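Peer 1: My structure file run-v7.pdb, PDB, C-alpha atoms, is below:
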```pdb
ATOM      1  CA  MET A  28     141.233 104.480 127.423
ATOM      2  CA  THR A  29     137.525 104.353 128.340
ATOM      3  CA  SER A  30     135.368 101.284 127.987
ATOM      4  CA  ARG A  31     132.899 101.275 125.155
ATOM      5  CA  GLN A  32     129.392 102.118 126.297
ATOM      6  CA  GLU A  33     126.684  99.687 125.191
ATOM      7  CA  MET A  34     124.705 100.739 122.114
ATOM      8  CA  HIS A  35     120.896 100.726 122.206
ATOM      9  CA  PRO A  36     118.652 100.819 119.139
ATOM     10  CA  ALA A  37     116.641 104.018 118.831
ATOM     11  CA  SER A  38     112.892 103.589 118.526
ATOM     12  CA  ALA A  39     111.811 104.384 114.983
ATOM     13  CA  LYS A  40     108.751 104.545 112.783
ATOM     14  CA  TRP A  41     108.565 104.325 109.006
ATOM     15  CA  TYR A  42     106.202 104.903 106.093
ATOM     16  CA  ASP A  43     106.145 104.272 102.356
ATOM     17  CA  LYS A  44     105.582 106.809  99.569
ATOM     18  CA  ARG A  45     105.694 106.439  95.787
ATOM     19  CA  ASP A  46     109.330 107.561  95.349
ATOM     20  CA  SER A  47     110.786 107.250  98.865
ATOM     21  CA  VAL A  48     110.653 105.439 102.176
ATOM     22  CA  PHE A  49     110.841 107.556 105.329
ATOM     23  CA  ILE A  50     112.279 106.504 108.683
ATOM     24  CA  GLU A  51     111.981 108.697 111.760
ATOM     25  CA  PHE A  52     114.387 107.842 114.572
ATOM     26  CA  CYS A  53     112.773 109.158 117.747
ATOM     27  CA  VAL A  54     115.699 110.510 119.758
ATOM     28  CA  VAL A  55     115.291 113.755 121.702
ATOM     29  CA  ASP A  56     118.246 116.172 121.731
ATOM     30  CA  SER A  57     120.422 113.988 119.502
ATOM     31  CA  LYS A  58     124.126 114.767 119.098
ATOM     32  CA  ASP A  59     126.879 113.261 116.961
ATOM     33  CA  VAL A  60     124.310 112.060 114.414
ATOM     34  CA  LYS A  61     125.702 109.782 111.715
ATOM     35  CA  VAL A  62     123.583 108.293 108.949
ATOM     36  CA  THR A  63     125.047 106.198 106.163
ATOM     37  CA  PHE A  64     123.166 104.839 103.192
ATOM     38  CA  ASP A  65     124.189 101.847 101.146
ATOM     39  CA  LYS A  66     122.256 100.285  98.269
ATOM     40  CA  THR A  67     120.481  97.843 100.618
ATOM     41  CA  LYS A  68     121.332  99.155 104.081
ATOM     42  CA  CYS A  69     120.818 102.159 106.335
ATOM     43  CA  VAL A  70     122.930 102.702 109.468
ATOM     44  CA  PHE A  71     121.971 105.311 112.070
ATOM     45  CA  SER A  72     123.883 106.293 115.192
ATOM     46  CA  CYS A  73     123.805 109.152 117.675
ATOM     47  CA  VAL A  74     124.045 110.149 121.304
ATOM     48  CA  GLY A  75     120.731 111.329 122.704
ATOM     49  CA  GLY A  76     118.793 112.632 125.647
ATOM     50  CA  THR A  77     119.977 114.064 128.935
ATOM     51  CA  ASP A  78     121.569 110.704 129.819
ATOM     52  CA  ASN A  79     123.703 110.741 126.630
ATOM     53  CA  VAL A  80     122.564 107.242 125.638
ATOM     54  CA  LYS A  81     124.361 105.872 122.574
ATOM     55  CA  HIS A  82     121.986 104.624 119.886
ATOM     56  CA  GLU A  83     122.733 102.555 116.824
ATOM     57  CA  ASN A  84     120.381 100.981 114.291
ATOM     58  CA  GLU A  85     121.469  98.918 111.307
ATOM     59  CA  ILE A  86     118.700  98.133 108.847
ATOM     60  CA  GLU A  87     118.927  95.612 106.018
ATOM     61  CA  LEU A  88     116.361  97.182 103.678
ATOM     62  CA  PHE A  89     113.483  95.414 101.948
ATOM     63  CA  ASP A  90     114.626  96.678  98.530
ATOM     64  CA  ALA A  91     117.345  98.791  96.942
ATOM     65  CA  ILE A  92     117.659 102.553  97.366
ATOM     66  CA  ASP A  93     119.591 105.276  95.570
ATOM     67  CA  GLN A  94     122.080 106.132  98.310
ATOM     68  CA  ASN A  95     123.206 109.303  96.491
ATOM     69  CA  GLU A  96     119.663 110.730  96.502
ATOM     70  CA  SER A  97     118.876 109.727 100.107
ATOM     71  CA  ASN A  98     119.309 112.191 102.966
ATOM     72  CA  HIS A  99     118.424 112.981 106.569
ATOM     73  CA  LYS A 100     117.412 115.934 108.718
ATOM     74  CA  ARG A 101     117.874 116.367 112.455
ATOM     75  CA  THR A 102     115.359 118.170 114.687
ATOM     76  CA  ASP A 103     115.246 118.564 118.473
ATOM     77  CA  ARG A 104     112.860 115.599 118.730
ATOM     78  CA  SER A 105     114.019 113.159 116.025
ATOM     79  CA  VAL A 106     116.074 112.428 112.931
ATOM     80  CA  LEU A 107     114.059 111.957 109.745
ATOM     81  CA  CYS A 108     115.649 109.964 106.913
ATOM     82  CA  GLN A 109     114.381 109.976 103.343
ATOM     83  CA  LEU A 110     115.514 106.903 101.425
ATOM     84  CA  ARG A 111     114.997 107.397  97.696
ATOM     85  CA  LYS A 112     113.766 104.155  96.130
ATOM     86  CA  ALA A 113     115.872 102.687  93.325
ATOM     87  CA  GLU A 114     112.625 101.525  91.717
ATOM     88  CA  VAL A 115     110.126 104.410  91.973
ATOM     89  CA  GLY A 116     106.486 103.339  92.182
ATOM     90  CA  LYS A 117     107.188  99.960  93.766
ATOM     91  CA  SER A 118     105.400  99.488  97.085
ATOM     92  CA  TRP A 119     107.343  98.255 100.112
ATOM     93  CA  PRO A 120     105.180  96.025 102.336
ATOM     94  CA  ARG A 121     107.813  96.313 105.080
ATOM     95  CA  LEU A 122     111.029  98.224 105.721
ATOM     96  CA  THR A 123     113.340  95.365 106.630
ATOM     97  CA  LYS A 124     114.542  92.587 104.394
ATOM     98  CA  ASP A 125     113.982  89.820 106.913
ATOM     99  CA  LYS A 126     112.561  89.764 110.397
ATOM    100  CA  PRO A 127     110.665  92.625 112.046
ATOM    101  CA  GLN A 128     112.466  94.646 114.703
ATOM    102  CA  ARG A 129     110.967  95.445 118.136
ATOM    103  CA  TRP A 130     112.130  99.049 117.957
ATOM    104  CA  LEU A 131     110.449  99.645 114.561
ATOM    105  CA  THR A 132     106.774 100.508 113.990
ATOM    106  CA  VAL A 133     104.663 101.764 111.118
ATOM    107  CA  ASP A 134     103.937 105.510 111.126
ATOM    108  CA  PHE A 135     100.181 105.311 110.506
ATOM    109  CA  ASN A 136      99.829 109.112 110.713
ATOM    110  CA  ASN A 137     101.793 109.442 107.467
ATOM    111  CA  TRP A 138     100.931 106.139 105.799
ATOM    112  CA  LYS A 139      98.700 106.306 102.722
ATOM    113  CA  GLU A 140      97.809 103.550 100.286
ATOM    114  CA  TRP A 141      99.200 105.353  97.252
ATOM    115  CA  GLU A 142      99.694 102.384  94.938
ATOM    116  CA  ASP A 143      96.007 102.177  93.975
ATOM    117  CA  ASP A 144      95.574 105.930  93.504
ATOM    118  CA  SER A 145      95.028 107.283  90.039
ATOM    119  CA  ASP A 146      93.453 110.432  88.646
ATOM    120  CA  GLU A 147      90.888 108.334  86.759
ATOM    121  CA  GLU A 148      89.727 106.562  89.928
ATOM    122  CA  MET A 149      89.464 109.846  91.831
ATOM    123  CA  GLY A 150      87.367 111.267  88.964
ATOM    124  CA  ASN A 151      85.078 108.226  89.166
ATOM    125  CA  PHE A 152      84.687 108.790  92.917
ATOM    126  CA  ASP A 153      83.691 112.434  92.309
ATOM    127  CA  GLN A 154      81.100 111.329  89.723
ATOM    128  CA  PHE A 155      79.751 108.732  92.174
ATOM    129  CA  SER A 156      79.468 111.382  94.925
ATOM    130  CA  ASP A 157      77.589 113.735  92.584
ATOM    131  CA  MET A 158      75.230 110.928  91.566
ATOM    132  CA  MET A 159      74.502 110.041  95.207
ATOM    133  CA  ASN A 160      73.872 113.693  96.084
ATOM    134  CA  ASN A 161      71.403 114.066  93.209
ATOM    135  CA  MET A 162      69.440 110.879  93.923
ATOM    136  CA  GLY A 163      65.933 111.320  95.222
ATOM    137  CA  GLY A 164      65.676 115.035  94.485
ATOM    138  CA  ASP A 165      63.182 117.028  96.579
ATOM    139  CA  ASP A 166      60.403 114.447  96.321
ATOM    140  CA  PHE A 167      61.787 112.281  99.112
ATOM    141  CA  GLN A 168      62.360 113.997 102.440
ATOM    142  CA  PRO A 169      62.672 111.582 105.353
ATOM    143  CA  ASP A 170      60.997 112.550 108.618
ATOM    144  CA  LEU A 171      63.936 113.152 110.936
ATOM    145  CA  ASP A 172      61.880 114.523 113.840
ATOM    146  CA  GLY A 173      60.649 111.104 114.982
ATOM    147  CA  ASP A 174      56.988 112.237 115.092
ATOM    148  CA  ASP A 175      55.870 109.453 112.756
ATOM    149  CA  ASP A 176      53.925 106.929 114.900
ATOM    150  CA  GLU A 177      54.100 104.230 112.237
ATOM    151  CA  SER A 178      57.864 103.900 112.589
ATOM    152  CA  ALA A 179      58.033 103.487 116.373
ATOM    153  CA  ASP A 180      60.862 101.125 117.168
ATOM    154  CA  SER A 181      60.387  98.233 119.530
ATOM    155  CA  ASP A 182      63.767  99.004 121.058
ATOM    156  CA  ASP A 183      62.778 102.521 122.108
ATOM    157  CA  GLU A 184      62.037 101.249 125.614
ATOM    158  CA  LYS A 185      63.790 102.831 128.558
ATOM    159  CA  MET A 186      67.078 101.106 129.268
ATOM    160  CA  PRO A 187      67.880 100.170 132.885
ATOM    161  CA  ASP A 188      70.545 102.240 134.613
ATOM    162  CA  LEU A 189      74.059 100.855 134.698
ATOM    163  CA  GLU A 190      75.218  99.806 138.145
TER
END
```
Starting from the coordinates I provided, produce the structure as structure tokens.
Peer 2:
Amino acid sequence: MTSRQEMHPASAKWYDKRDSVFIEFCVVDSKDVKVTFDKTKCVFSCVGGTDNVKHENEIELFDAIDQNESNHKRTDRSVLCQLRKAEVGKSWPRLTKDKPQRWLTVDFNNWKEWEDDSDEEMGNFDQFSDMMNNMGGDDFQPDLDGDDDESADSDDEKMPDLE
């Protein structure tokens, strides 16, 4: 019988969407991937990399999920989990119920503040953009060439070279 190899948490990043929370476990060349979903918990384990390091992450979730509608997908570079929220439309300010984990970060590339979005607000933004574009008309054309002597800046002096 072989001794049990020590488990290491996999580094992961997460982001929040209107109907789901996504967690990406960053393990290259993962094997023996196991993901289990419970109403308030997600457990991930695998063997990864050329060193066959054993990874395991157990996450007590911030809020409840629908474990039957949650799933995961493995790629060569990571394992992406989609956790379907039990309460769609409720924002999660964090992934974990309690304390933050060192191995977990926010995926800012996929994060979007969706909770304040609405079609009405986007329409108002488009109207505001149109109004700003139409202001001033052709009567006001600023001199962008810098030939106007009246507007010479006092800070247009030559700056000393950096040493």
Peer 1: Please evaluate the PyMOL selection byres ((chain A and resi 54) around 10) against the structure above and give the resulting residues as a ChimeraX atom specification.
Peer 2: /A:37-39,51-53,55-58,73-76,80,82,101-106
Peer 1: Could you tell me which of A:Thr63, A:Asn98, A:Asn137, A:Thr132 comes closest to Glu85 in chain A if we count only C-alpha atoms?
Peer 2: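 When distances to Glu85 in chain A are compared using only C-alpha atoms, the smallest one comes from A:Thr63.
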Peer 1: Counting only C-alpha atoms, which residues come within 12 Å of (108.6, 101.4, 92.3), with the point read in the file's coordinates, and could you list them as a ChimeraX atom specification?
Peer 2: /A:43-48,90-92,111-120,141-142
Peer 1: Given the PyMOL selection byres ((chain A and resi 95) around 10) and the file above, list the residues it selects as a PDB file with C-alpha atoms, in the coordinates of the input.
Peer 2:
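After the write, selection-v2.pdb holds the following:
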```pdb
ATOM      1  CA  PHE A  64     123.166 104.839 103.192  1.00  0.00           C
ATOM      2  CA  ASP A  65     124.189 101.847 101.146  1.00  0.00           C
ATOM      3  CA  LYS A  66     122.256 100.285  98.269  1.00  0.00           C
ATOM      4  CA  ILE A  92     117.659 102.553  97.366  1.00  0.00           C
ATOM      5  CA  ASP A  93     119.591 105.276  95.570  1.00  0.00           C
ATOM      6  CA  GLN A  94     122.080 106.132  98.310  1.00  0.00           C
ATOM      7  CA  GLU A  96     119.663 110.730  96.502  1.00  0.00           C
ATOM      8  CA  SER A  97     118.876 109.727 100.107  1.00  0.00           C
ATOM      9  CA  ASN A  98     119.309 112.191 102.966  1.00  0.00           C
ATOM     10  CA  LEU A 110     115.514 106.903 101.425  1.00  0.00           C
ATOM     11  CA  ARG A 111     114.997 107.397  97.696  1.00  0.00           C
TER      12      ARG A 111
END
```
Peer 1: So which residues touch range 123-129 of chain A within 8 Å, counting all atoms listed in the file, skipping near sequence neighbours fewer than 2 positions away, as a PyMOL selection string?
Peer 2: chain A and resi 86-90+121+131-132
Peer 1: Around all the atoms of range 88-100 of chain A listed in the file, draw an axis-aligned box and extend it by 8 Å on each of the six sides; I want its centre and edge lengths in Å to one decimal, as AutoDock Vina command-line options.
Peer 2:
```
--center_x 118.3 --center_y 105.7 --center_z 102.1 --size_x 25.7 --size_y 36.5 --size_z 29.1
```
